[in-house]
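Engineer: Okay, so here is run14.cif, and as you'll see once you scroll down, it has mmCIF, C-alpha atoms.
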```cif
data_coords
#
loop_
_atom_site.group_PDB
_atom_site.id
_atom_site.type_symbol
_atom_site.label_atom_id
_atom_site.label_comp_id
_atom_site.auth_asym_id
_atom_site.auth_seq_id
_atom_site.Cartn_x
_atom_site.Cartn_y
_atom_site.Cartn_z
ATOM 1 C CA MET A 1 -2.929 12.257 -21.457
ATOM 2 C CA GLY A 2 -2.582 12.271 -17.674
ATOM 3 C CA THR A 3 0.442 9.967 -17.768
ATOM 4 C CA GLU A 4 2.704 12.522 -19.456
ATOM 5 C CA GLY A 5 3.631 14.063 -16.117
ATOM 6 C CA THR A 6 4.329 10.641 -14.632
ATOM 7 C CA VAL A 7 6.476 9.547 -17.570
ATOM 8 C CA LEU A 8 8.338 12.845 -17.505
ATOM 9 C CA GLY A 9 8.874 12.454 -13.754
ATOM 10 C CA VAL A 10 10.267 8.935 -14.238
ATOM 11 C CA VAL A 11 12.550 10.154 -17.026
ATOM 12 C CA ILE A 12 13.852 13.010 -14.873
ATOM 13 C CA ALA A 13 14.366 10.667 -11.901
ATOM 14 C CA VAL A 14 16.264 8.143 -14.015
ATOM 15 C CA ILE A 15 18.485 10.808 -15.556
ATOM 16 C CA GLY A 16 19.154 12.307 -12.120
ATOM 17 C CA THR A 17 20.037 8.905 -10.655
ATOM 18 C CA ILE A 18 22.337 8.040 -13.536
ATOM 19 C CA GLY A 19 23.978 11.460 -13.234
ATOM 20 C CA ALA A 20 24.484 10.971 -9.500
ATOM 21 C CA VAL A 21 26.081 7.571 -10.045
ATOM 22 C CA LEU A 22 28.368 8.942 -12.742
ATOM 23 C CA VAL A 23 29.404 11.894 -10.572
ATOM 24 C CA ALA A 24 30.108 9.519 -7.682
ATOM 25 C CA ARG A 25 32.246 7.301 -9.900
ATOM 26 C CA VAL A 26 34.158 10.218 -11.382
ATOM 27 C CA SER A 27 34.798 11.882 -8.023
ATOM 28 C CA ALA A 28 35.791 8.663 -6.229
ATOM 29 C CA PRO A 29 39.495 8.450 -5.360
ATOM 30 C CA ARG A 30 41.484 6.416 -7.831
ATOM 31 C CA PRO A 31 43.483 3.447 -6.553
ATOM 32 C CA ALA A 32 47.228 3.546 -6.950
ATOM 33 C CA PRO A 33 48.608 1.699 -9.981
ATOM 34 C CA ALA A 34 49.039 -1.977 -9.204
ATOM 35 C CA SER A 35 52.777 -2.362 -9.748
ATOM 36 C CA GLY A 36 53.213 -4.713 -6.806
ATOM 37 C CA PRO A 37 53.426 -4.093 -3.091
ATOM 38 C CA ALA A 38 55.480 -1.144 -2.008
ATOM 39 C CA VAL A 39 58.648 -2.164 -0.211
ATOM 40 C CA LEU A 40 60.365 -0.090 2.438
ATOM 41 C CA ASP A 41 64.142 0.154 2.772
ATOM 42 C CA ASP A 42 64.378 -2.694 5.272
ATOM 43 C CA ASP A 43 62.313 -5.228 3.239
ATOM 44 C CA ARG A 44 59.044 -4.576 5.067
ATOM 45 C CA THR A 45 55.895 -4.037 3.050
ATOM 46 C CA ALA A 46 54.206 -0.679 3.349
ATOM 47 C CA PRO A 47 51.279 -0.530 5.769
ATOM 48 C CA ALA A 48 47.906 -1.082 4.059
ATOM 49 C CA LEU A 49 44.496 0.198 4.965
ATOM 50 C CA GLU A 50 42.425 -2.634 6.346
ATOM 51 C CA VAL A 51 38.656 -2.560 6.678
ATOM 52 C CA SER A 52 36.781 -4.885 8.979
ATOM 53 C CA PRO A 53 34.773 -7.543 7.118
ATOM 54 C CA GLU A 54 31.537 -6.334 8.742
ATOM 55 C CA ILE A 55 31.942 -2.804 7.420
ATOM 56 C CA PHE A 56 33.034 -4.017 4.005
ATOM 57 C CA SER A 57 30.117 -6.447 3.690
ATOM 58 C CA HIS A 58 27.669 -3.747 4.832
ATOM 59 C CA PHE A 59 28.795 -1.234 2.229
ATOM 60 C CA SER A 60 29.280 -3.774 -0.540
ATOM 61 C CA THR A 61 25.686 -4.903 0.027
ATOM 62 C CA ARG A 62 24.429 -1.315 -0.149
ATOM 63 C CA ILE A 63 26.454 -0.639 -3.300
ATOM 64 C CA ALA A 64 25.143 -3.819 -4.925
ATOM 65 C CA SER A 65 21.610 -2.796 -3.936
ATOM 66 C CA LEU A 66 22.074 0.663 -5.452
ATOM 67 C CA GLU A 67 23.511 -0.830 -8.641
ATOM 68 C CA ASP A 68 20.476 -3.120 -8.885
ATOM 69 C CA LYS A 69 18.156 -0.143 -8.456
ATOM 70 C CA VAL A 70 20.003 1.840 -11.133
ATOM 71 C CA ASP A 71 19.814 -1.164 -13.468
ATOM 72 C CA HIS A 72 16.071 -1.435 -12.787
ATOM 73 C CA LEU A 73 15.556 2.281 -13.456
ATOM 74 C CA THR A 74 17.625 2.032 -16.630
ATOM 75 C CA ARG A 75 15.457 -0.839 -17.872
ATOM 76 C CA ALA A 76 12.299 1.105 -16.962
ATOM 77 C CA PHE A 77 13.614 4.201 -18.746
ATOM 78 C CA GLU A 78 14.471 2.201 -21.873
ATOM 79 C CA ALA A 79 11.020 0.565 -21.851
ATOM 80 C CA GLN A 80 9.321 3.971 -21.513
ATOM 81 C CA THR A 81 11.493 5.346 -24.319
ATOM 82 C CA VAL A 82 10.341 2.511 -26.576
ATOM 83 C CA ARG A 83 6.722 3.161 -25.568
ATOM 84 C CA ALA A 84 7.052 6.893 -26.232
ATOM 85 C CA THR A 85 8.676 6.288 -29.613
ATOM 86 C CA THR A 86 5.937 3.854 -30.586
ATOM 87 C CA LEU A 87 3.236 6.269 -29.419
ATOM 88 C CA GLU A 88 4.766 9.139 -31.421
ATOM 89 C CA ARG A 89 4.924 6.929 -34.501
ATOM 90 C CA LEU A 90 1.246 5.996 -34.077
ATOM 91 C CA LEU A 91 0.247 9.644 -33.592
ATOM 92 C CA ARG A 92 2.102 10.646 -36.775
ATOM 93 C CA GLN A 93 0.376 7.806 -38.589
ATOM 94 C CA ALA A 94 -3.005 9.025 -37.273
ATOM 95 C CA MET A 95 -2.196 12.528 -38.520
ATOM 96 C CA ARG A 96 -1.382 11.162 -41.985
ATOM 97 C CA ILE A 97 -4.667 9.214 -42.042
ATOM 98 C CA ILE A 98 -6.673 12.293 -41.034
ATOM 99 C CA ARG A 99 -4.958 14.420 -43.692
ATOM 100 C CA SER A 100 -5.598 11.763 -46.338
ATOM 101 C CA ALA A 101 -9.265 11.490 -45.309
ATOM 102 C CA ASN A 102 -9.654 15.290 -45.351
ATOM 103 C CA LYS A 103 -8.101 15.419 -48.813
ATOM 104 C CA ARG A 104 -10.631 12.854 -50.041
ATOM 105 C CA LEU A 105 -13.491 14.744 -48.395
ATOM 106 C CA ARG A 106 -12.405 18.009 -50.063
ATOM 107 C CA GLY A 107 -12.165 16.138 -53.392
ATOM 108 C CA ALA A 108 -15.735 14.916 -52.926
ATOM 109 C CA GLY A 109 -16.894 18.457 -52.132
ATOM 110 C CA LEU A 110 -17.598 17.737 -48.463
ATOM 111 C CA GLU A 111 -16.472 19.573 -45.333
ATOM 112 C CA PRO A 112 -13.166 18.167 -43.989
ATOM 113 C CA GLU A 113 -12.962 16.944 -40.406
ATOM 114 C CA PRO A 114 -11.085 19.234 -37.986
ATOM 115 C CA VAL A 115 -7.672 18.018 -36.861
ATOM 116 C CA PRO A 116 -7.600 17.389 -33.090
ATOM 117 C CA ARG A 117 -5.334 19.797 -31.236
ATOM 118 C CA GLU A 118 -3.453 16.892 -29.693
ATOM 119 C CA LEU A 119 -2.253 15.755 -33.116
ATOM 120 C CA VAL A 120 -1.071 19.150 -34.396
ATOM 121 C CA PRO A 121 2.451 18.765 -32.889
ATOM 122 C CA PHE A 122 2.817 15.508 -34.848
ATOM 123 C CA SER A 123 2.119 17.129 -38.189
ATOM 124 C CA ILE A 124 4.752 16.416 -40.837
ATOM 125 C CA GLU A 125 4.392 19.650 -42.773
#
```
Starting from the coordinates I provided, produce the structure as structure tokens.

Structural biologist:
Amino acid sequence: MGTEGTVLGVVIAVIGTIGAVLVARVSAPRPAPASGPAVLDDDRTAPALEVSPEIFSHFSTRIASLEDKVDHLTRAFEAQTVRATTLERLLRQAMRIIRSANKRLRGAGLEPEPVPRELVPFSIE
């Protein structure tokens, strides 16, 4: 099972990336409530922060790219979770089959087969 380290690494990377995105969203400054433009005493609107279109397009592209990467990692994580769940179910099923076969062998007076060490954690005892 040489892929366990790789799968674990992917899982840790996905969780770390999701955590980083959530921390960034939580710590981002909140916009003021949208109750209309602020008006000064002499009917002028309050000055607003303006960002050049080049800067805005540059960062919006990077943010969109990062969101796409997080979505890709989320899909990969979900696919690996499904694979791991299916693999665990198959290993438990293999353990049940081995136990059933060993029970039949003992009933027939024969020596039961040893249970592989890899399947011991999936025992349902």

Engineer: Which residue, A:Ala94, A:Val82, A:Arg75, A:Val21, has the smallest gap to Ile63 of chain A when you use all atoms listed in the file?

Structural biologist: A:Val21

Engineer: Suppose you want the space between atom CA of Glu67 of chain A and atom CA of Ala13 of chain A; what is it in Å?

Structural biologist: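 We find that atom CA of Glu67 of chain A and atom CA of Ala13 of chain A lie 15.0 Å from each other.
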
Engineer: Just to confirm, what's the straight-line distance from atom CA of Ala24 of chain A to atom CA of Val70 of chain A in Å (one decimal)?

Structural biologist: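 If I compute the distance from atom CA of Ala24 of chain A to atom CA of Val70 of chain A, I get 13.2 Å.
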
Engineer: How far is it from atom CA of Asn102 of chain A to atom CA of Arg89 of chain A, in Å with one decimal?

Structural biologist: 20.0 Å

Engineer: Pick from A:Pro53, A:Ala48, A:Lys69, A:Leu91: nearest to Thr17 of chain A, with only C-alpha atoms counted?

Structural biologist: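 Using only C-alpha atoms, the shortest distance to Thr17 of chain A belongs to A:Lys69.
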
Engineer: Determine the residue membership of the PyMOL selection byres ((chain A and resi 119) around 9) for the file above and supply it as a PyMOL selection string.

Structural biologist: chain A and resi 91-92+94-95+115-118+120-123
